[in-house]
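Participant: I am sharing work-v9.cif, which consists of mmCIF, C-alpha atoms and all ligand atoms:
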```cif
data_coords
loop_
_atom_site.label_atom_id
_atom_site.label_comp_id
_atom_site.auth_asym_id
_atom_site.auth_seq_id
_atom_site.Cartn_x
_atom_site.Cartn_y
_atom_site.Cartn_z
CA MET A 1 104.06 150.70 118.35
CA SER A 2 102.46 150.31 121.77
CA PHE A 3 104.60 149.20 124.67
CA CYS A 4 102.80 145.85 124.99
CA LEU A 5 102.87 145.02 121.33
CA ARG A 6 106.51 145.94 121.05
CA LEU A 7 107.19 143.78 124.06
CA LYS A 8 105.62 140.74 122.46
CA VAL A 9 107.67 141.08 119.32
CA TYR A 10 110.83 141.54 121.32
CA LEU A 11 110.03 138.64 123.61
CA LEU A 12 109.88 136.27 120.69
CA GLY A 13 113.18 137.55 119.42
CA GLY A 14 114.78 137.26 122.82
CA MET A 15 113.65 133.73 123.45
CA SER A 16 114.59 132.39 120.07
CA ILE A 17 118.10 133.70 120.28
CA ALA A 18 118.77 132.10 123.66
CA VAL A 19 117.47 128.84 122.23
CA MET A 20 119.52 129.30 119.10
CA PHE A 21 122.75 129.50 121.06
CA GLU A 22 121.76 126.52 123.17
CA ARG A 23 121.18 124.41 120.09
CA LEU A 24 124.52 125.01 118.49
CA PRO A 25 125.81 121.65 117.33
CA THR A 26 128.88 119.96 118.74
CA VAL A 27 131.74 120.51 116.36
CA PRO A 28 133.66 117.34 115.55
CA THR A 29 137.39 117.51 114.93
CA SER A 30 138.78 117.12 111.41
CA GLN A 31 140.08 113.68 112.30
CA GLU A 32 136.73 112.50 113.64
CA LEU A 33 134.98 113.60 110.46
CA VAL A 34 137.56 111.99 108.20
CA ASP A 35 137.42 108.73 110.16
CA ARG A 36 133.64 108.70 110.05
CA ALA A 37 133.49 109.41 106.30
CA PHE A 38 136.13 106.88 105.28
CA ARG A 39 134.74 104.18 107.54
CA ARG A 40 131.25 104.61 106.13
CA SER A 41 132.60 104.57 102.59
CA THR A 42 134.03 101.08 103.06
CA ARG A 43 130.66 99.91 104.31
CA ALA A 44 128.81 101.50 101.43
CA SER A 45 130.90 99.82 98.80
CA SER A 46 130.28 96.62 96.92
CA GLY A 47 129.96 95.44 93.37
CA GLN A 48 131.38 96.81 90.19
CA LYS A 49 131.26 100.51 91.01
CA LYS A 50 132.95 100.02 94.35
CA ASP A 51 135.45 102.86 94.10
CA GLU A 52 132.93 105.30 92.67
CA SER A 53 130.50 104.65 95.48
CA MET A 54 133.25 104.83 98.11
CA LEU A 55 134.31 108.18 96.74
CA MET A 56 130.80 109.55 96.56
CA THR A 57 129.91 108.37 100.06
CA ALA A 58 133.00 109.89 101.65
CA GLY A 59 132.62 113.12 99.69
CA ASN A 60 128.95 113.50 100.60
CA ILE A 61 129.45 112.76 104.27
CA LEU A 62 132.23 115.30 104.58
CA SER A 63 130.62 118.09 102.58
CA ASP A 64 127.17 117.58 104.14
CA ASN A 65 128.56 117.59 107.65
CA LEU A 66 130.47 120.79 107.02
CA THR A 67 127.55 122.55 105.32
CA ASN A 68 125.12 121.58 108.06
CA LEU A 69 127.51 122.79 110.70
CA VAL A 70 127.73 126.24 109.14
CA ARG A 71 123.97 126.41 108.69
CA LYS A 72 123.34 125.87 112.37
CA TYR A 73 125.35 128.93 113.39
CA PRO A 74 123.34 132.11 113.66
CA SER A 75 123.94 134.57 110.86
CA PHE A 76 124.52 137.37 113.37
CA MET A 77 122.77 139.64 110.87
CA ASN A 78 119.45 139.87 112.64
CA ILE A 79 120.04 138.91 116.23
CA PRO A 80 119.18 141.38 119.00
CA PRO A 81 122.03 143.86 119.53
CA PHE A 82 122.41 142.81 123.16
CA TYR A 83 123.34 139.28 122.09
CA TYR A 84 125.40 140.50 119.16
CA ASP A 85 127.58 142.56 121.49
CA LEU A 86 127.89 139.75 123.99
CA ALA A 87 128.79 137.22 121.32
CA ASP A 88 131.26 139.68 119.93
CA ALA A 89 132.86 140.17 123.34
CA ALA A 90 132.95 136.46 124.04
CA VAL A 91 134.14 135.05 120.72
CA GLY A 92 134.58 137.87 118.19
CA VAL A 93 131.87 137.88 115.54
CA ASP A 94 134.19 138.84 112.66
CA GLU A 95 136.64 136.13 113.52
CA MET A 96 133.83 133.63 113.79
CA ARG A 97 132.59 134.59 110.33
CA ILE A 98 136.05 133.99 108.89
CA HIS A 99 136.22 130.51 110.42
CA LEU A 100 132.72 129.68 109.20
CA SER A 101 133.57 130.80 105.69
CA ARG A 102 136.65 128.58 105.70
CA VAL A 103 134.46 125.63 106.59
CA THR A 104 132.13 126.53 103.69
CA TRP A 105 135.16 126.73 101.42
CA ALA A 106 136.27 123.24 102.56
CA ALA A 107 132.83 121.79 101.81
CA SER A 108 133.00 123.10 98.27
CA GLN A 109 136.58 121.85 97.83
CA ILE A 110 135.47 118.38 98.87
CA ARG A 111 132.66 118.48 96.33
CA THR A 112 135.07 119.54 93.59
CA ILE A 113 137.53 116.78 94.50
CA THR A 114 134.71 114.22 94.39
CA ARG A 115 133.51 115.40 90.99
CA ASP A 116 136.97 115.59 89.42
CA HIS A 117 138.00 112.14 90.59
CA LEU A 118 134.74 110.55 89.52
CA THR A 119 135.45 111.89 86.04
CA ARG A 120 139.01 110.55 86.18
CA MET A 121 137.75 107.10 87.17
CA LYS A 122 135.86 106.88 83.92
CA GLY A 123 139.08 106.96 81.92
CA THR A 124 141.14 104.43 83.87
CA ALA A 125 141.21 100.80 84.91
CA ASP A 126 143.09 101.63 88.10
CA ARG A 127 140.19 103.17 89.93
CA PRO A 128 141.43 102.26 93.44
CA SER A 129 144.46 104.50 93.04
CA VAL A 130 142.27 107.41 91.82
CA ARG A 131 140.07 106.87 94.85
CA ARG A 132 143.09 106.82 97.16
CA ALA A 133 144.37 110.03 95.61
CA ALA A 134 140.96 111.65 96.17
CA PHE A 135 140.89 110.51 99.80
CA GLY A 136 144.35 111.94 100.30
CA ARG A 137 143.28 115.32 98.97
CA MET A 138 140.11 115.30 101.06
CA ALA A 139 142.12 114.49 104.15
CA SER A 140 144.45 117.39 103.54
CA VAL A 141 141.57 119.83 102.98
CA MET A 142 140.12 118.60 106.27
CA LYS A 143 143.47 118.99 108.00
CA SER A 144 143.69 122.58 106.77
CA ILE A 145 140.43 123.50 108.55
CA GLU A 146 141.40 121.84 111.81
CA PRO A 147 142.02 125.19 113.56
CA ASP A 148 138.70 126.52 112.28
CA LEU A 149 136.76 123.59 113.70
CA LEU A 150 138.57 123.91 117.01
CA PHE A 151 137.75 127.61 117.13
CA LEU A 152 134.08 126.91 116.41
CA ASN A 153 133.87 124.29 119.09
CA ASP A 154 135.36 126.68 121.60
CA ALA A 155 132.96 129.42 120.46
CA ARG A 156 130.06 127.04 120.89
CA GLN A 157 130.98 126.41 124.52
CA LYS A 158 131.08 130.14 125.18
CA LEU A 159 127.91 131.00 123.30
CA ARG A 160 125.90 128.25 124.93
CA GLY A 161 126.53 129.85 128.30
CA MET A 162 125.03 133.15 127.18
CA PRO A 163 122.62 134.60 129.68
CA THR A 164 118.94 134.02 129.36
CA VAL A 165 118.47 137.74 129.74
CA ASP A 166 115.62 138.97 127.59
CA PRO A 167 116.98 142.15 126.06
CA ASP A 168 113.52 143.56 125.55
CA LEU A 169 111.78 143.17 128.90
CA PRO A 170 111.80 146.26 131.08
CA THR A 171 114.77 145.58 133.31
CA ILE A 172 116.11 146.65 136.66
CA ILE A 173 119.88 146.49 136.47
CA VAL A 174 121.17 146.11 140.02
CA ALA A 175 124.59 147.64 140.50
CA GLY A 176 126.94 148.44 143.36
CA TYR A 177 130.08 147.26 145.10
CA PRO A 178 130.39 143.66 146.29
CA ASN A 179 128.47 142.78 149.47
CA VAL A 180 126.22 145.84 149.47
CA GLY A 181 123.10 143.65 149.19
CA LYS A 182 122.43 143.29 145.45
CA SER A 183 121.55 139.61 145.62
CA SER A 184 119.54 140.12 148.80
CA PHE A 185 117.43 142.73 146.99
CA MET A 186 117.00 140.49 144.02
CA ILE A 187 115.86 137.56 146.14
CA ALA A 188 113.50 139.81 148.12
CA VAL A 189 111.69 141.12 145.04
CA THR A 190 111.69 138.13 142.72
CA GLY A 191 110.83 135.69 145.48
CA ALA A 192 113.41 133.14 144.46
CA ARG A 193 117.08 132.57 144.09
CA PRO A 194 117.94 134.01 140.72
CA GLU A 195 118.85 131.87 137.80
CA ILE A 196 122.56 132.32 137.35
CA ALA A 197 123.62 132.73 133.75
CA SER A 198 127.23 132.84 132.71
CA TYR A 199 128.31 136.09 131.18
CA PRO A 200 131.59 136.89 129.50
CA PHE A 201 134.29 137.96 131.91
CA THR A 202 132.52 137.70 135.19
CA THR A 203 133.17 134.41 136.89
CA LYS A 204 130.21 134.97 139.17
CA GLY A 205 127.68 135.06 136.31
CA VAL A 206 124.73 137.40 136.15
CA GLY A 207 121.62 136.63 138.15
CA VAL A 208 118.31 136.90 136.36
CA GLY A 209 114.92 137.01 138.08
CA HIS A 210 111.41 138.19 137.24
CA PHE A 211 108.36 139.72 138.80
CA SER A 212 105.04 140.95 137.43
CA ARG A 213 102.99 144.09 137.95
CA ASP A 214 99.62 144.71 136.34
CA HIS A 215 100.16 141.89 133.84
CA GLN A 216 103.52 143.30 132.88
CA ARG A 217 106.57 141.14 133.34
CA TYR A 218 109.74 142.77 134.62
CA GLN A 219 113.23 141.42 134.73
CA VAL A 220 115.84 142.00 137.41
CA VAL A 221 119.47 141.52 136.48
CA ASP A 222 122.09 141.27 139.19
CA THR A 223 125.48 142.13 137.80
CA PRO A 224 128.19 141.03 140.23
CA GLY A 225 131.63 141.67 138.88
CA LEU A 226 130.34 143.84 136.07
CA LEU A 227 129.34 147.13 137.58
CA ASP A 228 131.39 146.96 140.74
CA ARG A 229 134.63 148.52 139.56
CA PRO A 230 135.41 151.73 137.67
CA LEU A 231 135.58 151.39 133.91
CA SER A 232 139.18 152.61 133.85
CA GLN A 233 140.22 149.32 135.44
CA ARG A 234 138.77 147.22 132.63
CA ASN A 235 140.27 145.73 129.57
CA GLU A 236 138.78 146.13 126.10
CA ILE A 237 136.86 142.90 126.07
CA GLU A 238 135.35 143.43 129.48
CA LEU A 239 134.24 146.86 128.33
CA GLN A 240 132.53 145.28 125.39
CA ALA A 241 130.63 142.87 127.62
CA ILE A 242 129.57 145.78 129.81
CA ALA A 243 128.61 147.80 126.75
CA ALA A 244 126.07 145.11 125.83
CA LEU A 245 124.05 146.34 128.83
CA ARG A 246 123.20 149.46 126.87
CA HIS A 247 120.81 147.41 124.79
CA LEU A 248 118.69 146.41 127.76
CA ARG A 249 115.47 148.34 128.24
CA GLY A 250 116.61 149.15 131.68
CA ALA A 251 116.99 151.46 134.62
CA VAL A 252 119.76 151.13 137.18
CA LEU A 253 119.24 150.52 140.87
CA TYR A 254 122.52 151.56 142.43
CA ILE A 255 122.83 150.14 145.93
CA LEU A 256 125.03 151.84 148.49
CA ASP A 257 126.10 150.39 151.81
CA PRO A 258 126.68 153.39 154.07
CA SER A 259 127.46 151.05 156.99
CA GLU A 260 130.59 150.08 155.07
CA TYR A 261 130.16 146.52 156.38
CA CYS A 262 130.59 145.50 152.79
CA GLY A 263 134.27 146.33 153.17
CA PHE A 264 134.33 149.38 150.91
CA SER A 265 134.28 152.99 151.95
CA LEU A 266 131.25 155.10 151.15
CA ALA A 267 133.54 157.49 149.29
CA ASP A 268 134.65 154.69 146.95
CA GLN A 269 131.05 153.62 146.44
CA LEU A 270 130.05 157.16 145.51
CA ARG A 271 132.98 157.44 143.12
CA LEU A 272 131.83 154.30 141.33
CA LEU A 273 128.30 155.71 141.16
CA ALA A 274 129.62 158.84 139.43
CA ASP A 275 131.60 156.62 137.08
CA VAL A 276 128.57 154.51 136.15
CA LYS A 277 126.38 157.60 135.70
CA GLY A 278 129.05 159.04 133.45
CA TRP A 279 128.64 156.41 130.77
CA LEU A 280 125.50 154.35 131.31
CA HIS A 281 122.83 156.74 130.10
CA LEU A 282 119.95 155.04 131.84
CA PRO A 283 117.83 156.38 134.68
CA VAL A 284 119.54 155.65 138.03
CA LEU A 285 117.91 155.32 141.43
CA VAL A 286 120.41 155.49 144.29
CA VAL A 287 119.35 153.52 147.36
CA ALA A 288 121.15 153.24 150.68
CA ASN A 289 120.77 149.69 151.97
CA LYS A 290 121.37 148.26 155.45
CA SER A 291 119.32 151.03 157.05
CA ASP A 292 119.14 148.76 160.11
CA LEU A 293 122.88 149.36 160.56
CA ALA A 294 123.50 152.92 159.43
CA ALA A 295 121.48 156.02 158.63
CA TYR A 296 122.33 157.97 155.50
CA GLU A 297 120.59 160.89 153.89
CA GLY A 298 122.55 161.28 150.70
CA ALA A 299 120.60 158.69 148.68
CA ASP A 300 117.26 158.90 146.84
CA MET A 301 115.76 156.26 149.13
CA VAL A 302 116.73 153.94 151.99
CA MET A 303 115.94 150.29 152.65
CA SER A 304 117.04 147.23 154.54
CA THR A 305 116.88 144.01 152.60
CA LEU A 306 117.45 142.26 155.92
CA SER A 307 114.40 143.63 157.76
CA GLY A 308 112.46 144.31 154.58
CA ALA A 309 111.95 147.97 155.44
CA GLY A 310 111.65 150.17 152.35
CA VAL A 311 112.10 147.34 149.85
CA ALA A 312 108.54 147.45 148.46
CA GLU A 313 108.77 151.24 148.11
CA VAL A 314 112.04 150.96 146.21
CA LEU A 315 110.49 148.41 143.86
CA ASP A 316 107.44 150.64 143.28
CA ARG A 317 109.72 153.53 142.45
CA MET A 318 111.75 151.44 140.01
CA VAL A 319 108.56 150.32 138.24
CA GLU A 320 107.48 153.98 137.97
CA ILE A 321 110.86 154.94 136.56
CA LEU A 322 110.75 152.15 133.99
CA GLU A 323 107.19 153.03 132.94
CA LYS A 324 108.00 156.70 132.59
CA ALA A 325 111.22 156.10 130.71
CA SER A 326 109.46 153.67 128.41
CA GLU A 327 106.73 156.21 127.57
CA GLU A 328 109.35 158.82 126.87
CA GLY A 329 111.45 156.45 124.82
CA GLU A 330 114.40 156.85 127.16
CA LEU A 331 115.25 153.23 127.71
CA VAL A 332 118.17 153.37 125.42
CA GLY A 333 121.52 152.77 127.04
CA ILE A 334 124.71 154.41 125.99
CA ASP A 335 126.39 155.65 122.88
CA SER A 336 129.20 153.35 121.94
CA GLU A 337 131.61 156.31 121.83
CA ASP A 338 131.18 156.66 125.57
CA ILE A 339 133.30 153.71 126.48
N1 LIG B 401 122.50 144.17 158.29
C1 LIG B 401 122.18 144.00 157.01
N2 LIG B 401 122.86 143.12 156.26
C2 LIG B 401 122.52 142.98 154.96
C3 LIG B 401 121.48 143.73 154.38
N3 LIG B 401 121.40 143.39 153.07
C4 LIG B 401 122.34 142.45 152.86
N4 LIG B 401 123.02 142.21 154.00
C5 LIG B 401 124.12 141.26 154.18
O1 LIG B 401 125.22 141.68 153.40
C6 LIG B 401 125.93 140.57 152.88
C7 LIG B 401 126.03 140.69 151.37
O2 LIG B 401 124.76 140.65 150.77
P1 LIG B 401 124.56 140.18 149.28
O3 LIG B 401 123.13 140.38 148.97
O4 LIG B 401 125.15 138.85 149.07
O5 LIG B 401 125.47 141.27 148.56
P2 LIG B 401 125.86 141.39 147.01
O6 LIG B 401 125.87 142.84 146.71
O7 LIG B 401 124.97 140.52 146.21
O8 LIG B 401 127.35 140.84 146.99
P3 LIG B 401 128.18 140.25 145.73
O9 LIG B 401 127.32 139.19 145.10
O10 LIG B 401 129.42 139.72 146.33
O11 LIG B 401 128.44 141.39 144.81
C8 LIG B 401 125.14 139.34 153.32
O12 LIG B 401 125.76 138.80 154.44
C9 LIG B 401 123.78 139.90 153.65
O13 LIG B 401 123.11 139.12 154.63
C10 LIG B 401 120.76 144.66 155.21
O14 LIG B 401 119.86 145.36 154.80
N5 LIG B 401 121.17 144.75 156.50
MG MG B 402 125.47 138.88 144.92
#
```
Could you show the structure in this file as structure tokens?

Facilitator:
Amino acid sequence: MSFCLRLKVYLLGGMSIAVMFERLPTVPTSQELVDRAFRRSTRASSGQKKDESMLMTAGNILSDNLTNLVRKYPSFMNIPPFYYDLADAAVGVDEMRIHLSRVTWAASQIRTITRDHLTRMKGTADRPSVRRAAFGRMASVMKSIEPDLLFLNDARQKLRGMPTVDPDLPTIIVAGYPNVGKSSFMIAVTGARPEIASYPFTTKGVGVGHFSRDHQRYQVVDTPGLLDRPLSQRNEIELQAIAALRHLRGAVLYILDPSEYCGFSLADQLRLLADVKGWLHLPVLVVANKSDLAAYEGADMVMSTLSGAGVAEVLDRMVEILEKASEEGELVGIDSEDI
């Protein structure tokens, strides 16, 4: 498939998934649902078949609400791997599936209770007590899924904050220690303050910006807090969030600050570079920033995001790297065994 065509297909996938997470429904608590269903049932009832219609109304409201809730969650079967890994790091996809299946189970229990008690009503004059018994059983089914609904609500909050990173646009991943000039570079080349998207386990959020070249859109992702410490200092879940980066069609721009004004020694910055290169199997361009403050010859290129010197050249080089890697099919991140 040609690069452009592939891009279009991916773009659609990328956009829909971000929207899908945004549209996750609010999850009511068990108590809210029960209150709503029982209240409506009293309103719905009149006439001879009062208890039957109360029972049916409450049963339908509960089971429909639960079924609709489950339907609105993504299946996780065919979402882009970048988002799958992020969702997994943030909420745990397997755990989420278990909670969703318990909600599905509850919906079917409610339907069974409704059916059984409607049948029982046919054989008795004391229909109110059959109805009360049914409501009692429904309430206890609902109570039993209280933790599941709470989990799903919490998951919703986390998933909604997922970054609007498009996993399939050619991407410059900007890495380096804090204060080396990552955001300054990003602002210089995308012409705007980046959109800040929350990302699991970095309180700063990732910055996402775009620029175009020859009708091709590129994405720049600023990763503060993600690629600014060695992997050995991470916990499992953080590693998972970092691992999601392997699904980006990216190349890394590793920024060094040889002036050490950033507060970190050059030796530490080079150690981190070796660490990143050791596991993120993407092309890396090493650039020494703050050339207005310090000269350094150990990098691939130099620039100053403050004066602007060298910035355009660095961007040109990154575009070349991305184009070349894309032609050669190299824009595949890391093997999961690596981390
Ligand atoms: N002298 C000089 N200062 C620079 C240059 N680039 C960035 N700075 C300054 O360095 C500081 C940090 O720059 P940022 O772009 O915020 O660095 P960052 O890497 O995004 O930092 P974090 O978001 O904390 O990881 C700011 O005060 C910038 O003004 C440069 O080329 N020369
Ligand atoms: Mg920054």

Participant: Could you give me, as a list in words, the residues that have an atom at most 12 Å away from the point (133.5, 155.3, 145.2) in the coordinates of the file, using all atoms listed in the file?

Facilitator: Gly176, Tyr177, Leu227, Asp228, Arg229, Pro230, Tyr254, Ile255, Leu256, Asp257, Pro258, Glu260, Phe264, Ser265, Leu266, Ala267, Asp268, Gln269, Leu270, Arg271, Leu272, Leu273, Ala274, Asp275 and Val276 of chain A

Participant: Need to verify the contact set: A:Leu118, 10 Å, only C-alpha atoms, exclusion of same-chain residues closer than 4 positions in sequence. Can you return it as a PDB file with C-alpha atoms, in the frame of the given file?

Facilitator:
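Full text of selection04.pdb as output:
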```pdb
ATOM      1  CA  ASP A  51     135.450 102.860  94.100  1.00  0.00           C
ATOM      2  CA  GLU A  52     132.930 105.300  92.670  1.00  0.00           C
ATOM      3  CA  SER A  53     130.500 104.650  95.480  1.00  0.00           C
ATOM      4  CA  LEU A  55     134.310 108.180  96.740  1.00  0.00           C
ATOM      5  CA  MET A  56     130.800 109.550  96.560  1.00  0.00           C
ATOM      6  CA  THR A 112     135.070 119.540  93.590  1.00  0.00           C
ATOM      7  CA  ILE A 113     137.530 116.780  94.500  1.00  0.00           C
ATOM      8  CA  THR A 114     134.710 114.220  94.390  1.00  0.00           C
ATOM      9  CA  LYS A 122     135.860 106.880  83.920  1.00  0.00           C
ATOM     10  CA  GLY A 123     139.080 106.960  81.920  1.00  0.00           C
ATOM     11  CA  ARG A 127     140.190 103.170  89.930  1.00  0.00           C
ATOM     12  CA  VAL A 130     142.270 107.410  91.820  1.00  0.00           C
ATOM     13  CA  ARG A 131     140.070 106.870  94.850  1.00  0.00           C
ATOM     14  CA  ALA A 134     140.960 111.650  96.170  1.00  0.00           C
TER      15      ALA A 134
END
```

Participant: Name the residues, by chain letter and number, that sit within 6 Å of ligand MG 402 (chain B) using all atoms listed in the file, and give them as a VMD selection string.

Facilitator: chain A and resid 182 to 183 224

Participant: Which residue gives the smallest distance to ligand LIG 401 (chain B) among A:Gln109, A:Asn179, A:Gln216, A:Ser30, with only C-alpha atoms and all ligand atoms counted?

Facilitator: A:Asn179

Participant: Ligand LIG 401 (chain B): which residues are within 8 Å, counting only C-alpha atoms and all ligand atoms? Reply as a ChimeraX atom specification.

Facilitator: /A:175-186,204,222-225,228,255,261-262,289-293,303-308

Participant: Go ahead and write the selection's residues with C-alpha atoms as a PDB file, keeping the file's coordinate frame.

Facilitator:
```
ATOM      1  CA  ALA A 175     124.590 147.640 140.500  1.00  0.00           C
ATOM      2  CA  GLY A 176     126.940 148.440 143.360  1.00  0.00           C
ATOM      3  CA  TYR A 177     130.080 147.260 145.100  1.00  0.00           C
ATOM      4  CA  PRO A 178     130.390 143.660 146.290  1.00  0.00           C
ATOM      5  CA  ASN A 179     128.470 142.780 149.470  1.00  0.00           C
ATOM      6  CA  VAL A 180     126.220 145.840 149.470  1.00  0.00           C
ATOM      7  CA  GLY A 181     123.100 143.650 149.190  1.00  0.00           C
ATOM      8  CA  LYS A 182     122.430 143.290 145.450  1.00  0.00           C
ATOM      9  CA  SER A 183     121.550 139.610 145.620  1.00  0.00           C
ATOM     10  CA  SER A 184     119.540 140.120 148.800  1.00  0.00           C
ATOM     11  CA  PHE A 185     117.430 142.730 146.990  1.00  0.00           C
ATOM     12  CA  MET A 186     117.000 140.490 144.020  1.00  0.00           C
ATOM     13  CA  LYS A 204     130.210 134.970 139.170  1.00  0.00           C
ATOM     14  CA  ASP A 222     122.090 141.270 139.190  1.00  0.00           C
ATOM     15  CA  THR A 223     125.480 142.130 137.800  1.00  0.00           C
ATOM     16  CA  PRO A 224     128.190 141.030 140.230  1.00  0.00           C
ATOM     17  CA  GLY A 225     131.630 141.670 138.880  1.00  0.00           C
ATOM     18  CA  ASP A 228     131.390 146.960 140.740  1.00  0.00           C
ATOM     19  CA  ILE A 255     122.830 150.140 145.930  1.00  0.00           C
ATOM     20  CA  TYR A 261     130.160 146.520 156.380  1.00  0.00           C
ATOM     21  CA  CYS A 262     130.590 145.500 152.790  1.00  0.00           C
ATOM     22  CA  ASN A 289     120.770 149.690 151.970  1.00  0.00           C
ATOM     23  CA  LYS A 290     121.370 148.260 155.450  1.00  0.00           C
ATOM     24  CA  SER A 291     119.320 151.030 157.050  1.00  0.00           C
ATOM     25  CA  ASP A 292     119.140 148.760 160.110  1.00  0.00           C
ATOM     26  CA  LEU A 293     122.880 149.360 160.560  1.00  0.00           C
ATOM     27  CA  MET A 303     115.940 150.290 152.650  1.00  0.00           C
ATOM     28  CA  SER A 304     117.040 147.230 154.540  1.00  0.00           C
ATOM     29  CA  THR A 305     116.880 144.010 152.600  1.00  0.00           C
ATOM     30  CA  LEU A 306     117.450 142.260 155.920  1.00  0.00           C
ATOM     31  CA  SER A 307     114.400 143.630 157.760  1.00  0.00           C
ATOM     32  CA  GLY A 308     112.460 144.310 154.580  1.00  0.00           C
TER      33      GLY A 308
END
```

Participant: Compile the contact shell of A:Thr26 as a PyMOL selection string: residues with an atom at most 10 Å away, counting all atoms listed in the file, same-chain residues fewer than 2 positions apart removed.

Facilitator: chain A and resi 23-24+28-29+69+152-154+156-157

Participant: Can you pull out every residue within 9 Å of A:Met54, counting only C-alpha atoms, but drop anything in the same chain fewer than 5 positions away, and send it as a PDB file with C-alpha atoms, in the coordinates of the input?

Facilitator:
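Below is the file that was written, selection_1.pdb:
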```pdb
ATOM      1  CA  PHE A  38     136.130 106.880 105.280  1.00  0.00           C
ATOM      2  CA  ARG A  40     131.250 104.610 106.130  1.00  0.00           C
ATOM      3  CA  SER A  41     132.600 104.570 102.590  1.00  0.00           C
ATOM      4  CA  THR A  42     134.030 101.080 103.060  1.00  0.00           C
ATOM      5  CA  ARG A  43     130.660  99.910 104.310  1.00  0.00           C
ATOM      6  CA  ALA A  44     128.810 101.500 101.430  1.00  0.00           C
ATOM      7  CA  SER A  45     130.900  99.820  98.800  1.00  0.00           C
ATOM      8  CA  SER A  46     130.280  96.620  96.920  1.00  0.00           C
ATOM      9  CA  LYS A  49     131.260 100.510  91.010  1.00  0.00           C
ATOM     10  CA  GLY A  59     132.620 113.120  99.690  1.00  0.00           C
ATOM     11  CA  ARG A 131     140.070 106.870  94.850  1.00  0.00           C
TER      12      ARG A 131
END
```

Participant: Work out how far apart atom CA of A:Val287 and atom CA of A:Leu169 are and give it in Å to one decimal.

Facilitator: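 The value is 22.5 Å.
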
Participant: If I only want stretch 155-168 of chain A, can you write it with N, CA and C atoms, as a tab-separated table (two decimals), in the first residue's frame?

Facilitator:
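Output below, filename result27.tsv:
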```tsv
chain	number	residue	atom	x	y	z
A	155	ALA	N	-12.56	4.04	35.00
A	155	ALA	CA	-11.88	3.77	33.73
A	155	ALA	C	-12.27	4.81	32.69
A	156	ARG	N	-13.53	5.19	32.70
A	156	ARG	CA	-14.00	6.19	31.75
A	156	ARG	C	-13.23	7.50	31.91
A	157	GLN	N	-13.07	7.92	33.18
A	157	GLN	CA	-12.33	9.17	33.42
A	157	GLN	C	-10.93	9.08	32.83
A	158	LYS	N	-10.29	7.92	33.03
A	158	LYS	CA	-8.91	7.79	32.56
A	158	LYS	C	-8.86	7.69	31.03
A	159	LEU	N	-9.78	6.97	30.45
A	159	LEU	CA	-9.74	6.78	29.00
A	159	LEU	C	-10.08	8.06	28.25
A	160	ARG	N	-10.97	8.85	28.83
A	160	ARG	CA	-11.36	10.09	28.17
A	160	ARG	C	-10.18	11.05	28.03
A	161	GLY	N	-9.22	10.92	28.94
A	161	GLY	CA	-8.06	11.82	28.88
A	161	GLY	C	-6.98	11.35	27.92
A	162	MET	N	-7.25	10.25	27.22
A	162	MET	CA	-6.23	9.70	26.33
A	162	MET	C	-5.78	10.73	25.30
A	163	PRO	N	-4.50	10.68	24.96
A	163	PRO	CA	-3.99	11.72	24.07
A	163	PRO	C	-4.62	11.65	22.69
A	164	THR	N	-4.66	12.80	22.07
A	164	THR	CA	-5.18	12.85	20.71
A	164	THR	C	-4.05	12.61	19.72
A	165	VAL	N	-3.11	11.79	20.14
A	165	VAL	CA	-2.01	11.42	19.26
A	165	VAL	C	-2.58	10.52	18.18
A	166	ASP	N	-2.22	10.82	16.92
A	166	ASP	CA	-2.64	9.92	15.86
A	166	ASP	C	-1.53	8.90	15.65
A	167	PRO	N	-1.80	7.65	15.97
A	167	PRO	CA	-0.72	6.66	15.95
A	167	PRO	C	-0.16	6.41	14.57
A	168	ASP	N	-0.79	6.95	13.55
A	168	ASP	CA	-0.36	6.58	12.21
A	168	ASP	C	0.22	7.73	11.37
```
